[in-house]
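First up is the structure itself, then whatever we jot down about it.
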Amino acid sequence: MPPRTAVFFHAHPDDEALLTAGTMAMLAAEGHRVVLVVATAGERGLADIEPGDALGETRMKELYKSAAVLGCARVECLGYGDSGLSPKGGSADERPDNAFIDADTERAAKALASILQEEKADLLAIYDPAGGYGHPDHVQVHRVGKRAAQIAGTEIVLEATVNRDPLVRLLKLASRFYKFPPEFDVRTFESAYSPGETITHWVNVRKYTKQKRASMAAHVSQASGGDSDRTLAVLLKVPRPIYRFVFGTEWYVRRGLPEGTRLRHPFEQWPK
């Protein structure tokens with residue numbers, strides 16, 4: 001396969017580590033150009049550092065470390081404000097003036113499209129319509145990314161997701177033996193992400209779980225904050241052999257493909 005360019009669009013630093021890091025590392029290792037774009041610096045995330053510019057600067061530094069581990073050729077931030085964790089971003093007076101969820105979709109899409117056009121991107125990865133688990137900035141990533149691909153003429157648009165069927169079963173089992181952190185509500189996953197039958201791309205990234213784990217570890221600020229371990233900290237405690245098994249597949253949905261499609265590589269095309 002000749003070298004191609006893939007742009008991964010995420011809402012905040014650390015999102016790439018959780019959903020697409022293995023795919024990014026795989027594509028970079030294969031000689032493709034991988035570009036990472038985030039909408040915000042994540043300055044309102046939960047951390048030991050107070051929300052604000054200092055946290056945003058810290059998280060961007062962590063993002064560059066993660067990108068280096070994954071082999072990214074370029075990192076960009078669109079410069080919007082982190083809308084925060086509250087449903088729908090909370091009340092307007094709680095959000096920064098330039099909160100991503102308040103952004104004009106067309107203007108934000110044009111900013112992303114300019115990167116896609118400059119890079120001559122063959123592929124754009126975004127989130128599913130529900131934004132995975134429903135974070136308002138993730139939902140906005142879907143809207144903005146979908147429109148940007150239309151403007152730029154980017155052919156392949158993949159919605160990064162998780163196969164929720166085994167995930168829900170696993171989390172319910174684990175909750176019997178482990179108390180998850182407060183922000184990790186197992187019940188939300190019953191309607192989050194995507195059921196297996198809708199997923200079109202099942203990408204085997206087991207060879208790249210070392211890079212994926214290192215990408216997670218780069219986001220130090222997001223492994224602490226609050227009264228208990230954060231989600232990243234919990235995941236990094238998973239023994240390596242189990243980690244490789246659990247995180248060895250990454251899932252995507254490409255709209256318009258026949259039901260039951262099972263592709264194994266982001267650039268693999270359905271036979272026409």
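Identifiers in the structure tokens: chain A, B, ... in order shown; residue index from 1 per chain; ligand index from 1 in order shown.
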7 Å contact set for range 23-35 of chain A, only C-alpha atoms, chain neighbours under 3 positions out, as a PyMOL selection string: chain A and resi 3-8+20+70-75+205+208+211
Per-residue DSSP, range 35-164 of chain A, filtered to helix (DSSP H, G or I), as a ChimeraX atom specification: /A:53-70,87-89,92-94,100-102,105-119,131-134,136-152,164
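Put simply, CA of His10 in chain A is 6.2 Å away from CA of Val37 in chain A.
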Within 9 Å of range 198-200 of chain A using only C-alpha atoms, minus same-chain residues under 3 positions, as an NGL selection string: :A and (161-163 or 194-195 or 251-255 or 257-264)
DSSP-assigned strand (DSSP E or B) members of range 27-255 of chain A, reported as JSON, numbers by chain: {"A": [33, 34, 35, 36, 37, 38, 39, 40, 74, 75, 76, 77, 78, 79, 80, 81, 99, 123, 124, 125, 126, 127, 156, 157, 158, 159, 160, 161, 163, 194, 201, 202, 203, 204, 249, 250, 251, 252, 253]}
Option closest in space to Ser221 in chain A, from A:Gly22, A:Gly196, A:Pro2, A:Gly42 [counting only C-alpha atoms]: A:Gly42
Given only C-alpha atoms as the counted atoms, nearest of A:Gln150, A:Thr231, A:Ser191, A:Thr105 to Asp15 in chain A: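 Closest to Asp15 in chain A of all the choices is A:Thr231.
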Write out as a PDB file with all heavy atoms, in the first residue's frame the residues lying within 10 Å of Phe9 in chain A, counting only C-alpha atoms and excluding same-chain residues fewer than 4 positions away.
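Result written to out02.pdb:
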ATOM      1  N   ASP A  15      -7.750  11.858  24.692  1.00  0.00           N
ATOM      2  CA  ASP A  15      -8.780  11.100  23.974  1.00  0.00           C
ATOM      3  C   ASP A  15      -8.160  10.170  22.938  1.00  0.00           C
ATOM      4  O   ASP A  15      -8.658   9.068  22.696  1.00  0.00           O
ATOM      5  CB  ASP A  15      -9.760  12.055  23.282  1.00  0.00           C
ATOM      6  CG  ASP A  15     -10.658  12.791  24.267  1.00  0.00           C
ATOM      7  OD1 ASP A  15     -10.908  12.241  25.358  1.00  0.00           O
ATOM      8  OD2 ASP A  15     -11.101  13.912  23.949  1.00  0.00           O
ATOM      9  N   GLU A  16      -7.074  10.624  22.320  1.00  0.00           N
ATOM     10  CA  GLU A  16      -6.420   9.784  21.305  1.00  0.00           C
ATOM     11  C   GLU A  16      -5.867   8.509  21.915  1.00  0.00           C
ATOM     12  O   GLU A  16      -5.870   7.441  21.278  1.00  0.00           O
ATOM     13  CB  GLU A  16      -5.308  10.579  20.585  1.00  0.00           C
ATOM     14  CG  GLU A  16      -3.951  10.616  21.255  1.00  0.00           C
ATOM     15  CD  GLU A  16      -3.888  11.403  22.562  1.00  0.00           C
ATOM     16  OE1 GLU A  16      -4.808  12.182  22.859  1.00  0.00           O
ATOM     17  OE2 GLU A  16      -2.882  11.250  23.297  1.00  0.00           O
ATOM     18  N   THR A  20      -7.896   5.603  19.752  1.00  0.00           N
ATOM     19  CA  THR A  20      -7.288   5.410  18.427  1.00  0.00           C
ATOM     20  C   THR A  20      -5.776   5.248  18.442  1.00  0.00           C
ATOM     21  O   THR A  20      -5.160   5.164  17.383  1.00  0.00           O
ATOM     22  CB  THR A  20      -7.637   6.603  17.504  1.00  0.00           C
ATOM     23  OG1 THR A  20      -7.026   7.801  18.017  1.00  0.00           O
ATOM     24  CG2 THR A  20      -9.143   6.809  17.399  1.00  0.00           C
ATOM     25  N   VAL A  35      -1.582  12.530  11.394  1.00  0.00           N
ATOM     26  CA  VAL A  35      -1.742  13.885  11.912  1.00  0.00           C
ATOM     27  C   VAL A  35      -2.782  13.853  13.031  1.00  0.00           C
ATOM     28  O   VAL A  35      -3.858  13.270  12.877  1.00  0.00           O
ATOM     29  CB  VAL A  35      -2.189  14.855  10.802  1.00  0.00           C
ATOM     30  CG1 VAL A  35      -2.437  16.255  11.370  1.00  0.00           C
ATOM     31  CG2 VAL A  35      -1.144  14.904   9.688  1.00  0.00           C
ATOM     32  N   LEU A  36      -2.456  14.474  14.151  1.00  0.00           N
ATOM     33  CA  LEU A  36      -3.358  14.518  15.302  1.00  0.00           C
ATOM     34  C   LEU A  36      -3.851  15.948  15.508  1.00  0.00           C
ATOM     35  O   LEU A  36      -3.045  16.875  15.638  1.00  0.00           O
ATOM     36  CB  LEU A  36      -2.631  14.026  16.554  1.00  0.00           C
ATOM     37  CG  LEU A  36      -3.361  14.145  17.904  1.00  0.00           C
ATOM     38  CD1 LEU A  36      -4.692  13.408  17.876  1.00  0.00           C
ATOM     39  CD2 LEU A  36      -2.472  13.625  19.030  1.00  0.00           C
ATOM     40  N   VAL A  37      -5.162  16.121  15.522  1.00  0.00           N
ATOM     41  CA  VAL A  37      -5.771  17.434  15.739  1.00  0.00           C
ATOM     42  C   VAL A  37      -6.700  17.340  16.942  1.00  0.00           C
ATOM     43  O   VAL A  37      -7.520  16.413  17.037  1.00  0.00           O
ATOM     44  CB  VAL A  37      -6.580  17.902  14.512  1.00  0.00           C
ATOM     45  CG1 VAL A  37      -7.195  19.281  14.768  1.00  0.00           C
ATOM     46  CG2 VAL A  37      -5.713  17.927  13.265  1.00  0.00           C
ATOM     47  N   VAL A  38      -6.589  18.282  17.877  1.00  0.00           N
ATOM     48  CA  VAL A  38      -7.527  18.362  18.995  1.00  0.00           C
ATOM     49  C   VAL A  38      -8.266  19.691  18.909  1.00  0.00           C
ATOM     50  O   VAL A  38      -7.720  20.695  18.449  1.00  0.00           O
ATOM     51  CB  VAL A  38      -6.829  18.225  20.362  1.00  0.00           C
ATOM     52  CG1 VAL A  38      -6.293  16.822  20.565  1.00  0.00           C
ATOM     53  CG2 VAL A  38      -5.712  19.247  20.538  1.00  0.00           C
ATOM     54  N   ALA A  39      -9.498  19.677  19.363  1.00  0.00           N
ATOM     55  CA  ALA A  39     -10.305  20.897  19.320  1.00  0.00           C
ATOM     56  C   ALA A  39      -9.954  21.837  20.452  1.00  0.00           C
ATOM     57  O   ALA A  39      -9.995  23.061  20.293  1.00  0.00           O
ATOM     58  CB  ALA A  39     -11.786  20.540  19.378  1.00  0.00           C
ATOM     59  N   GLU A  76      -1.890  19.518  15.922  1.00  0.00           N
ATOM     60  CA  GLU A  76      -2.527  20.830  15.861  1.00  0.00           C
ATOM     61  C   GLU A  76      -3.647  20.919  16.889  1.00  0.00           C
ATOM     62  O   GLU A  76      -4.299  19.917  17.197  1.00  0.00           O
ATOM     63  CB  GLU A  76      -3.113  21.097  14.467  1.00  0.00           C
ATOM     64  CG  GLU A  76      -2.089  21.239  13.359  1.00  0.00           C
ATOM     65  CD  GLU A  76      -1.301  22.540  13.429  1.00  0.00           C
ATOM     66  OE1 GLU A  76      -1.732  23.454  14.173  1.00  0.00           O
ATOM     67  OE2 GLU A  76      -0.259  22.631  12.743  1.00  0.00           O
ATOM     68  N   CYS A  77      -3.871  22.128  17.415  1.00  0.00           N
ATOM     69  CA  CYS A  77      -5.007  22.400  18.296  1.00  0.00           C
ATOM     70  C   CYS A  77      -5.816  23.525  17.659  1.00  0.00           C
ATOM     71  O   CYS A  77      -5.250  24.570  17.314  1.00  0.00           O
ATOM     72  CB  CYS A  77      -4.539  22.790  19.694  1.00  0.00           C
ATOM     73  SG  CYS A  77      -5.903  23.180  20.846  1.00  0.00           S
ATOM     74  N   LEU A 112     -10.855  22.962  10.363  1.00  0.00           N
ATOM     75  CA  LEU A 112     -10.364  21.587  10.249  1.00  0.00           C
ATOM     76  C   LEU A 112     -10.162  21.218   8.785  1.00  0.00           C
ATOM     77  O   LEU A 112      -9.175  20.560   8.430  1.00  0.00           O
ATOM     78  CB  LEU A 112     -11.343  20.628  10.917  1.00  0.00           C
ATOM     79  CG  LEU A 112     -11.010  19.132  10.816  1.00  0.00           C
ATOM     80  CD1 LEU A 112      -9.657  18.824  11.434  1.00  0.00           C
ATOM     81  CD2 LEU A 112     -12.105  18.296  11.481  1.00  0.00           C
ATOM     82  N   LEU A 124     -10.157  10.687   7.556  1.00  0.00           N
ATOM     83  CA  LEU A 124     -10.400  11.464   8.771  1.00  0.00           C
ATOM     84  C   LEU A 124     -11.107  10.571   9.777  1.00  0.00           C
ATOM     85  O   LEU A 124     -12.130   9.952   9.463  1.00  0.00           O
ATOM     86  CB  LEU A 124     -11.270  12.689   8.476  1.00  0.00           C
ATOM     87  CG  LEU A 124     -11.729  13.480   9.714  1.00  0.00           C
ATOM     88  CD1 LEU A 124     -10.541  14.108  10.437  1.00  0.00           C
ATOM     89  CD2 LEU A 124     -12.763  14.536   9.338  1.00  0.00           C
ATOM     90  N   ALA A 125     -10.570  10.499  10.991  1.00  0.00           N
ATOM     91  CA  ALA A 125     -11.209   9.752  12.076  1.00  0.00           C
ATOM     92  C   ALA A 125     -11.850  10.735  13.037  1.00  0.00           C
ATOM     93  O   ALA A 125     -11.209  11.695  13.491  1.00  0.00           O
ATOM     94  CB  ALA A 125     -10.190   8.882  12.802  1.00  0.00           C
ATOM     95  N   ILE A 126     -13.133  10.511  13.336  1.00  0.00           N
ATOM     96  CA  ILE A 126     -13.878  11.348  14.280  1.00  0.00           C
ATOM     97  C   ILE A 126     -14.559  10.423  15.291  1.00  0.00           C
ATOM     98  O   ILE A 126     -14.102   9.303  15.493  1.00  0.00           O
ATOM     99  CB  ILE A 126     -14.901  12.234  13.535  1.00  0.00           C
ATOM    100  CG1 ILE A 126     -15.845  11.382  12.671  1.00  0.00           C
ATOM    101  CG2 ILE A 126     -14.182  13.262  12.656  1.00  0.00           C
ATOM    102  CD1 ILE A 126     -16.963  12.165  12.001  1.00  0.00           C
ATOM    103  N   TYR A 127     -15.649  10.870  15.924  1.00  0.00           N
ATOM    104  CA  TYR A 127     -16.419  10.023  16.831  1.00  0.00           C
ATOM    105  C   TYR A 127     -17.771   9.686  16.203  1.00  0.00           C
ATOM    106  O   TYR A 127     -18.178  10.288  15.208  1.00  0.00           O
ATOM    107  CB  TYR A 127     -16.671  10.725  18.171  1.00  0.00           C
ATOM    108  CG  TYR A 127     -15.426  11.168  18.895  1.00  0.00           C
ATOM    109  CD1 TYR A 127     -15.371  12.415  19.502  1.00  0.00           C
ATOM    110  CD2 TYR A 127     -14.310  10.349  18.982  1.00  0.00           C
ATOM    111  CE1 TYR A 127     -14.239  12.834  20.183  1.00  0.00           C
ATOM    112  CE2 TYR A 127     -13.176  10.755  19.658  1.00  0.00           C
ATOM    113  CZ  TYR A 127     -13.144  11.999  20.250  1.00  0.00           C
ATOM    114  OH  TYR A 127     -12.023  12.416  20.918  1.00  0.00           O
ATOM    115  N   HIS A 138     -17.335  15.818  22.473  1.00  0.00           N
ATOM    116  CA  HIS A 138     -17.179  14.675  21.572  1.00  0.00           C
ATOM    117  C   HIS A 138     -18.290  14.663  20.516  1.00  0.00           C
ATOM    118  O   HIS A 138     -18.058  14.330  19.357  1.00  0.00           O
ATOM    119  CB  HIS A 138     -17.189  13.364  22.356  1.00  0.00           C
ATOM    120  CG  HIS A 138     -15.978  13.180  23.211  1.00  0.00           C
ATOM    121  ND1 HIS A 138     -15.451  11.936  23.486  1.00  0.00           N
ATOM    122  CD2 HIS A 138     -15.181  14.063  23.853  1.00  0.00           C
ATOM    123  CE1 HIS A 138     -14.380  12.068  24.265  1.00  0.00           C
ATOM    124  NE2 HIS A 138     -14.206  13.360  24.501  1.00  0.00           N
ATOM    125  N   VAL A 141     -17.337  17.134  18.002  1.00  0.00           N
ATOM    126  CA  VAL A 141     -16.299  16.596  17.114  1.00  0.00           C
ATOM    127  C   VAL A 141     -16.942  15.868  15.943  1.00  0.00           C
ATOM    128  O   VAL A 141     -16.506  16.004  14.795  1.00  0.00           O
ATOM    129  CB  VAL A 141     -15.346  15.654  17.882  1.00  0.00           C
ATOM    130  CG1 VAL A 141     -14.577  14.744  16.913  1.00  0.00           C
ATOM    131  CG2 VAL A 141     -14.357  16.468  18.711  1.00  0.00           C
ATOM    132  N   HIS A 142     -17.982  15.091  16.232  1.00  0.00           N
ATOM    133  CA  HIS A 142     -18.664  14.380  15.152  1.00  0.00           C
ATOM    134  C   HIS A 142     -19.256  15.360  14.147  1.00  0.00           C
ATOM    135  O   HIS A 142     -19.061  15.210  12.927  1.00  0.00           O
ATOM    136  CB  HIS A 142     -19.768  13.482  15.710  1.00  0.00           C
ATOM    137  CG  HIS A 142     -20.615  12.855  14.655  1.00  0.00           C
ATOM    138  ND1 HIS A 142     -20.239  11.722  13.968  1.00  0.00           N
ATOM    139  CD2 HIS A 142     -21.818  13.227  14.119  1.00  0.00           C
ATOM    140  CE1 HIS A 142     -21.157  11.409  13.075  1.00  0.00           C
ATOM    141  NE2 HIS A 142     -22.123  12.306  13.141  1.00  0.00           N
ATOM    142  N   VAL A 144     -18.612  18.619  13.589  1.00  0.00           N
ATOM    143  CA  VAL A 144     -17.596  19.422  12.903  1.00  0.00           C
ATOM    144  C   VAL A 144     -16.783  18.566  11.944  1.00  0.00           C
ATOM    145  O   VAL A 144     -16.513  18.963  10.808  1.00  0.00           O
ATOM    146  CB  VAL A 144     -16.679  20.105  13.938  1.00  0.00           C
ATOM    147  CG1 VAL A 144     -15.465  20.749  13.263  1.00  0.00           C
ATOM    148  CG2 VAL A 144     -17.458  21.166  14.720  1.00  0.00           C
ATOM    149  N   GLY A 145     -16.389  17.383  12.386  1.00  0.00           N
ATOM    150  CA  GLY A 145     -15.572  16.511  11.544  1.00  0.00           C
ATOM    151  C   GLY A 145     -16.302  16.047  10.302  1.00  0.00           C
ATOM    152  O   GLY A 145     -15.730  16.021   9.201  1.00  0.00           O
ATOM    153  N   ALA A 160     -14.578   6.626  15.256  1.00  0.00           N
ATOM    154  CA  ALA A 160     -13.966   5.806  16.309  1.00  0.00           C
ATOM    155  C   ALA A 160     -15.008   5.492  17.374  1.00  0.00           C
ATOM    156  O   ALA A 160     -15.750   6.368  17.814  1.00  0.00           O
ATOM    157  CB  ALA A 160     -12.786   6.552  16.923  1.00  0.00           C
TER     158      ALA A 160
END
